[in-house]
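One structure below.
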Amino acid sequence: MKAVVVGGGIIGTMHALLAIEAGHEVVQIERDPRPLSASIRNFGLVWVSGRAVGPELEIALRARQLWEEIGNRSKIGFRTQGSLTIAQNESEFEVMKAAALMPDAHSRGFKLLDRNQVQAMEPVLQGKFVGALQCTQDAAVEPSLLFSGLREYLSSSPLYTWKPNFEVVDFYHDETGNHVTDINGNKVSGDLMVICPGSAHQGFLAEFLEAAPLRRVHLQMGATVPFGASLNHSIADADSMRYYPAFKDLPLDTLAPQEPIAAAYKMQLLLVPRLDRTFTIGDTHEYEEPFTHEILEAPYDHLRSVISAIFGTPAPAIARRWSGNYSQMTNGELYYRRELAPGAVVVTGGGGRGNTISPAIAEETINAWPQ
Ligand SMILES: Cc1cc2nc3c(=O)[nH]c(=O)nc-3n(C[C@H](O)[C@H](O)[C@H](O)COP(=O)(O)OP(=O)(O)OC[C@H]3O[C@@H](n4cnc5c(N)ncnc54)[C@H](O)[C@@H]3O)c2cc1C
């Protein structure tokens, strides 16, 4: 079967990859010269620890397995580095104790560590903290390598065609199949079509997505200069437990109120060590459009003070700042899938875990295709 994938982000690219491996011919279309949207602006985290019990954890664990397999056959910087969520005081540590006793703690790879155990793993953490919740299932890819690595792998298949600089402005279905066209009337056709537009809910998709339970979320991010010593885990602060659904039934009301700046920008500290020894840090969340066009300083002053407190040394300077948008479901479902016509679907709305669950989303699409 010939499949057309619209969108060069991670959701589209995972569809292309799994479709090729299932023996389909694939043309993948992208409006930009290379992917420039959410999928290269993120932390690259494959974040299992915070997923809600039930289907969300199940899809994340399946995706984690697929990521590892894909990471073994392509150069994407996949690392099973795990994470440490740091308790900076006793009340945070008490909540982490409860997390480590959750019925599914084992499948998440949760382990409660005291300060000495944390420092045995990460001697560079010399600040004021009590202990940490380790998650051995958390992993990461390098956003800077991800698409070159996946494209190299895909391009080694004679079944794959990459078609950048093609902005789809129309979709239609007729008796010969599914078709998309650009502004010049150029057409790409296939038996099967998967449209993965990310947060581009407008344009030719507006008529299909107008009433969809989707919203866009705006985030601000940063990257530091290289850090002088090695760090082998991703780091989170306990604010992350306020936002991740895995922890919603734990006694979060025993935590001290969030710092006003962190509460105002719906922040948590996530810090991912990169292969070049820089740290990707974030993040803020904005849910109401129109989003601010400004990159703000105050939230990052806060994040640097948290880093400094955990590391016990001044936080490395921020070298680069950027922002990004993702598409998120507003009704609690894991992601959005809608049939546009026989053999054609739109898939988006993976939210802040879109990178994490992307291969499992693609697997679900492709398993539903005729063989
Ligand atoms: C700052 C930030 C940090 C994040 N951190 C993480 C994380 O660590 N872990 C995690 O799991 N998730 C994370 N996420 C979420 C994750 O990045 C997204 O859910 C995911 O990248 C969405 O992938 P996508 O392919 O749907 O969208 P996108 O990456 O936005 O890709 C969509 C692509 O479709 C193309 N396109 C759109 N319209 C057209 C058209 N008409 N014609 C042709 N091409 C078109 C766009 O150009 C784009 O390249 C983060 C998101 C952000 C913004």
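By order in the structure tokens, chains are A, B, ...; within a chain, residues start at 1; ligands start at 1, following the order shown.
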
Exercise for review: Select from segment 89-244 of chain A everything DSSP, run on the backbone, classes as strand (DSSP E or B), then give the selection as an NGL selection string.
Suggested key: :A and (110-114 or 131-135 or 139-140 or 160-163 or 170-174 or 177-181 or 187-190 or 192-195 or 214-224 or 234-237)

Exercise for review: With a distance cut-off of 9 Å and only C-alpha atoms, select the neighbouring residues of Ala52 of chain A, excluding the residue or stretch itself and same-chain residues fewer than 4 positions from it, and output the selection as JSON, numbers by chain.
Suggested key: {"A": [56, 57, 244, 245, 246, 247, 248]}

Exercise for review: Can you work out which one of A:Ser107, A:Met329, A:Ala236, A:Ala344 has the shortest atom-to-atom distance to Glu58 of chain A, counting only C-alpha atoms?
Suggested key: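 The closest residue to Glu58 of chain A is A:Ser107.
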
Review point. In terms of the shortest atom-to-atom distance over only C-alpha atoms, which of A:Ile76, A:Val180, A:Ala362, A:Ile20 is closest to Leu145 of chain A?
Key: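 The closest residue to Leu145 of chain A is A:Ile76.
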
Revision key, fill the gap. Here atom CA of Glu175 of chain A and atom CA of Ala212 of chain A stand apart by 27.1 Å

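Proximity of A:Thr85, A:Asn355, A:Gln220, A:Asn184 to Met241 of chain A, computed with only C-alpha atoms, is greatest for A:Thr85.
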
Practice item. Would you please work out which residue, of A:Trp369, A:Phe78, A:Phe166, A:Phe171, is nearest to ligand 1 when using only C-alpha atoms and all ligand atoms? Key: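 Looking at the shortest contact to ligand 1, the residue is A:Phe166.
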
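Interatomic distance, atom CA of Gly12 of chain A to atom 21 (O, counted along the ligand's line) of ligand 1: 9.6 Å.
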
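The environment of Asp239 of chain A within 8 Å, counting only C-alpha atoms and disregarding residues fewer than 5 places along the same chain, consists of Gln258, Met267, Gln268 and Leu269 of chain A.
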
Practice item. Excluding Glu21 of chain A and any residue of its chain fewer than 3 positions from it, enumerate the residues within 12 Å of it, using only C-alpha atoms, and give them as a PyMOL selection string. Key: chain A and resi 14-18+24-26+70+153-154+156-160+362-363+366

Write out the residues from the selection above, keeping C-alpha atoms, as an mmCIF file, in the first residue's frame.
```
data_model
loop_
_atom_site.group_PDB
_atom_site.id
_atom_site.type_symbol
_atom_site.label_atom_id
_atom_site.label_comp_id
_atom_site.auth_asym_id
_atom_site.auth_seq_id
_atom_site.Cartn_x
_atom_site.Cartn_y
_atom_site.Cartn_z
ATOM 1 C CA MET A 14 7.151 7.620 13.787
ATOM 2 C CA HIS A 15 4.236 6.835 11.444
ATOM 3 C CA ALA A 16 6.626 6.911 8.478
ATOM 4 C CA LEU A 17 9.115 4.643 10.237
ATOM 5 C CA LEU A 18 6.669 2.010 11.422
ATOM 6 C CA HIS A 24 4.346 0.110 3.001
ATOM 7 C CA GLU A 25 5.628 2.653 0.491
ATOM 8 C CA VAL A 26 5.729 6.049 2.266
ATOM 9 C CA ILE A 70 14.336 2.321 17.468
ATOM 10 C CA TYR A 153 17.534 5.335 8.809
ATOM 11 C CA LEU A 154 14.400 5.997 6.749
ATOM 12 C CA SER A 156 18.174 3.724 3.617
ATOM 13 C CA SER A 157 14.830 2.191 2.570
ATOM 14 C CA PRO A 158 13.850 2.292 -1.136
ATOM 15 C CA LEU A 159 10.247 2.525 0.093
ATOM 16 C CA TYR A 160 10.736 6.020 1.604
ATOM 17 C CA ALA A 362 1.964 5.325 15.281
ATOM 18 C CA GLU A 363 1.775 1.624 16.062
ATOM 19 C CA ILE A 366 -0.653 1.145 11.498
#
```

Check your understanding: Looking at A:Lys111, A:Leu101, A:Pro226, A:Thr365, which one is nearest to Arg320 of chain A, with distances taken over only C-alpha atoms?
Key ->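 Looking at the shortest contact to Arg320 of chain A, the residue is A:Pro226.
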
Revision key, fill the gap. Using only C-alpha atoms, the best pick from A:Arg353, A:Arg34, A:Arg304, A:Lys187 as closest to Asn165 of chain A would be A:Arg34

Practice item. Mind checking which residues fall within 7 Å of segment 124-129 of chain A, counting only C-alpha atoms, ignoring those fewer than 4 positions away in the same chain, and posting them as JSON, numbers by chain? Key: {"A": [86, 87, 88, 89, 115, 119, 229, 309, 310, 311, 312]}

Once you have the residues from the selection above, write them out as a JSON list (two decimals), in the first residue's frame, restricted to N, CA, C and O atoms.
```
[["chain", "number", "residue", "atom", "x", "y", "z"],
["A", 86, "ILE", "N", 13.92, 15.41, 42.85],
["A", 86, "ILE", "CA", 14.65, 15.75, 44.08],
["A", 86, "ILE", "C", 13.69, 16.32, 45.14],
["A", 86, "ILE", "O", 12.93, 17.25, 44.85],
["A", 87, "ALA", "N", 13.79, 15.78, 46.36],
["A", 87, "ALA", "CA", 13.04, 16.33, 47.50],
["A", 87, "ALA", "C", 13.94, 17.33, 48.22],
["A", 87, "ALA", "O", 14.97, 16.96, 48.77],
["A", 88, "GLN", "N", 13.51, 18.59, 48.20],
["A", 88, "GLN", "CA", 14.34, 19.62, 48.84],
["A", 88, "GLN", "C", 13.97, 19.82, 50.31],
["A", 88, "GLN", "O", 14.63, 20.58, 51.01],
["A", 89, "ASN", "N", 12.92, 19.15, 50.76],
["A", 89, "ASN", "CA", 12.57, 19.22, 52.18],
["A", 89, "ASN", "C", 11.83, 17.94, 52.57],
["A", 89, "ASN", "O", 11.50, 17.11, 51.71],
["A", 115, "ARG", "N", 19.66, 10.88, 50.72],
["A", 115, "ARG", "CA", 20.66, 11.81, 50.19],
["A", 115, "ARG", "C", 21.97, 11.11, 49.81],
["A", 115, "ARG", "O", 22.55, 11.36, 48.75],
["A", 119, "GLN", "N", 23.78, 10.93, 46.16],
["A", 119, "GLN", "CA", 25.13, 11.44, 45.90],
["A", 119, "GLN", "C", 26.08, 10.34, 45.43],
["A", 119, "GLN", "O", 27.03, 10.61, 44.70],
["A", 229, "ALA", "N", 30.94, 19.24, 35.03],
["A", 229, "ALA", "CA", 31.04, 17.87, 35.51],
["A", 229, "ALA", "C", 29.93, 17.03, 34.90],
["A", 229, "ALA", "O", 28.96, 17.57, 34.37],
["A", 309, "ALA", "N", 20.28, 25.59, 44.19],
["A", 309, "ALA", "CA", 20.01, 25.00, 45.50],
["A", 309, "ALA", "C", 20.26, 23.49, 45.49],
["A", 309, "ALA", "O", 20.77, 22.93, 46.46],
["A", 310, "ILE", "N", 19.91, 22.83, 44.39],
["A", 310, "ILE", "CA", 20.08, 21.36, 44.33],
["A", 310, "ILE", "C", 21.55, 20.99, 44.11],
["A", 310, "ILE", "O", 22.06, 20.05, 44.71],
["A", 311, "PHE", "N", 22.22, 21.75, 43.26],
["A", 311, "PHE", "CA", 23.62, 21.42, 42.95],
["A", 311, "PHE", "C", 24.60, 21.96, 44.00],
["A", 311, "PHE", "O", 25.72, 21.47, 44.10],
["A", 312, "GLY", "N", 24.16, 23.00, 44.73],
["A", 312, "GLY", "CA", 25.07, 23.59, 45.71],
["A", 312, "GLY", "C", 26.17, 24.42, 45.09],
["A", 312, "GLY", "O", 27.17, 24.73, 45.74]]
```

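The protein and nucleic acid residues lying at most 8 Å from Thr13 of chain A are Gly7, Gln28 and Leu150 of chain A, with only C-alpha atoms considered and sequence neighbours fewer than 6 positions away removed.
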
Check your understanding: Within 6 Å of segment 188-200 of chain A, counting only C-alpha atoms, which residues qualify if same-chain residues fewer than 3 places away don't, as number ranges by chain?
Key -> A: 2-7, 12, 177-180, 326-327, 343-348

Can those selected residues be exported to a file as a compact mmCIF listing (two decimals), in the first residue's frame so that it contains all heavy atoms?
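Final output, result27.txt:
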```txt
# COMPACT_ATOMS: atom_id res chain seq x y z
N LYS A 2 0.40 2.32 -0.64
CA LYS A 2 1.14 3.58 -0.60
C LYS A 2 0.51 4.48 0.47
O LYS A 2 -0.69 4.74 0.45
CB LYS A 2 1.10 4.27 -1.96
CG LYS A 2 1.87 5.58 -1.96
CD LYS A 2 1.90 6.22 -3.31
CE LYS A 2 2.54 7.60 -3.22
NZ LYS A 2 2.43 8.34 -4.47
N ALA A 3 1.36 4.94 1.39
CA ALA A 3 0.88 5.80 2.47
C ALA A 3 1.51 7.18 2.34
O ALA A 3 2.70 7.30 2.05
CB ALA A 3 1.25 5.19 3.82
N VAL A 4 0.71 8.21 2.57
CA VAL A 4 1.22 9.58 2.62
C VAL A 4 1.14 10.03 4.07
O VAL A 4 0.09 9.90 4.71
CB VAL A 4 0.39 10.53 1.72
CG1 VAL A 4 0.90 11.96 1.84
CG2 VAL A 4 0.44 10.05 0.27
N VAL A 5 2.27 10.53 4.58
CA VAL A 5 2.30 11.08 5.94
C VAL A 5 2.53 12.57 5.81
O VAL A 5 3.53 12.99 5.22
CB VAL A 5 3.44 10.44 6.78
CG1 VAL A 5 3.52 11.12 8.14
CG2 VAL A 5 3.22 8.94 6.93
N VAL A 6 1.62 13.37 6.32
CA VAL A 6 1.79 14.84 6.30
C VAL A 6 2.28 15.26 7.68
O VAL A 6 1.64 14.96 8.69
CB VAL A 6 0.47 15.56 5.97
CG1 VAL A 6 0.66 17.08 6.02
CG2 VAL A 6 -0.05 15.12 4.60
N GLY A 7 3.43 15.94 7.71
CA GLY A 7 4.00 16.41 8.98
C GLY A 7 5.31 15.70 9.25
O GLY A 7 5.36 14.47 9.29
N GLY A 12 4.50 12.36 12.94
CA GLY A 12 4.55 11.97 11.53
C GLY A 12 5.70 11.02 11.25
O GLY A 12 5.55 10.01 10.55
N GLY A 177 -8.40 7.23 -4.19
CA GLY A 177 -7.64 7.26 -2.94
C GLY A 177 -7.74 8.60 -2.23
O GLY A 177 -8.73 9.32 -2.37
N ASN A 178 -6.68 8.93 -1.48
CA ASN A 178 -6.63 10.17 -0.69
C ASN A 178 -5.56 11.08 -1.27
O ASN A 178 -4.47 10.62 -1.65
CB ASN A 178 -6.33 9.83 0.77
CG ASN A 178 -7.50 9.12 1.41
OD1 ASN A 178 -8.58 9.69 1.56
ND2 ASN A 178 -7.32 7.84 1.76
N HIS A 179 -5.84 12.38 -1.29
CA HIS A 179 -4.96 13.32 -1.99
C HIS A 179 -4.76 14.59 -1.17
O HIS A 179 -5.70 15.05 -0.52
CB HIS A 179 -5.58 13.73 -3.33
CG HIS A 179 -6.17 12.59 -4.10
ND1 HIS A 179 -5.41 11.74 -4.89
CD2 HIS A 179 -7.44 12.12 -4.15
CE1 HIS A 179 -6.20 10.80 -5.40
NE2 HIS A 179 -7.44 11.02 -4.95
N VAL A 180 -3.53 15.14 -1.24
CA VAL A 180 -3.28 16.47 -0.69
C VAL A 180 -2.64 17.31 -1.77
O VAL A 180 -1.90 16.79 -2.62
CB VAL A 180 -2.38 16.44 0.58
CG1 VAL A 180 -3.15 15.97 1.80
CG2 VAL A 180 -1.12 15.61 0.38
N TYR A 326 2.60 23.05 21.81
CA TYR A 326 2.10 21.72 21.47
C TYR A 326 0.59 21.69 21.48
O TYR A 326 -0.07 22.61 22.00
CB TYR A 326 2.71 20.62 22.35
CG TYR A 326 2.50 20.69 23.85
CD1 TYR A 326 1.24 20.52 24.42
CD2 TYR A 326 3.59 20.87 24.70
CE1 TYR A 326 1.07 20.54 25.80
CE2 TYR A 326 3.44 20.90 26.09
CZ TYR A 326 2.16 20.74 26.63
OH TYR A 326 1.99 20.76 27.98
N SER A 327 0.06 20.64 20.89
CA SER A 327 -1.38 20.43 20.79
C SER A 327 -1.80 19.43 21.86
O SER A 327 -1.16 18.37 22.00
CB SER A 327 -1.68 19.87 19.39
OG SER A 327 -3.00 19.40 19.31
N GLY A 343 -9.51 5.48 4.92
CA GLY A 343 -8.05 5.38 4.78
C GLY A 343 -7.29 6.62 5.18
O GLY A 343 -6.06 6.65 5.11
N ALA A 344 -7.98 7.69 5.60
CA ALA A 344 -7.29 8.94 5.93
C ALA A 344 -7.65 9.39 7.34
O ALA A 344 -8.84 9.47 7.69
CB ALA A 344 -7.67 10.04 4.95
N VAL A 345 -6.62 9.67 8.14
CA VAL A 345 -6.85 10.14 9.52
C VAL A 345 -5.99 11.36 9.81
O VAL A 345 -4.94 11.57 9.20
CB VAL A 345 -6.51 9.06 10.59
CG1 VAL A 345 -7.54 7.95 10.63
CG2 VAL A 345 -5.10 8.51 10.41
N VAL A 346 -6.45 12.16 10.77
CA VAL A 346 -5.61 13.21 11.35
C VAL A 346 -5.27 12.74 12.76
O VAL A 346 -6.12 12.21 13.47
CB VAL A 346 -6.29 14.60 11.31
CG1 VAL A 346 -7.62 14.61 12.02
CG2 VAL A 346 -5.39 15.67 11.91
N VAL A 347 -3.98 12.91 13.13
CA VAL A 347 -3.51 12.46 14.45
C VAL A 347 -2.69 13.59 15.08
O VAL A 347 -1.69 14.03 14.50
CB VAL A 347 -2.63 11.19 14.33
CG1 VAL A 347 -2.13 10.76 15.71
CG2 VAL A 347 -3.38 10.05 13.67
N THR A 348 -3.13 14.06 16.22
CA THR A 348 -2.37 15.08 16.95
C THR A 348 -2.79 15.03 18.42
O THR A 348 -3.37 14.05 18.88
CB THR A 348 -2.57 16.48 16.31
OG1 THR A 348 -1.68 17.40 16.96
CG2 THR A 348 -3.99 16.99 16.42
```

Practice item. Go ahead and compute the interatomic distance for atom CA of Asn72 of chain A and atom 52 (C, counted along the ligand's line) of ligand 1, in Å to one decimal. Key: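 Between atom CA of Asn72 of chain A and atom 52 (C, counted along the ligand's line) of ligand 1 the gap works out to 24.7 Å.
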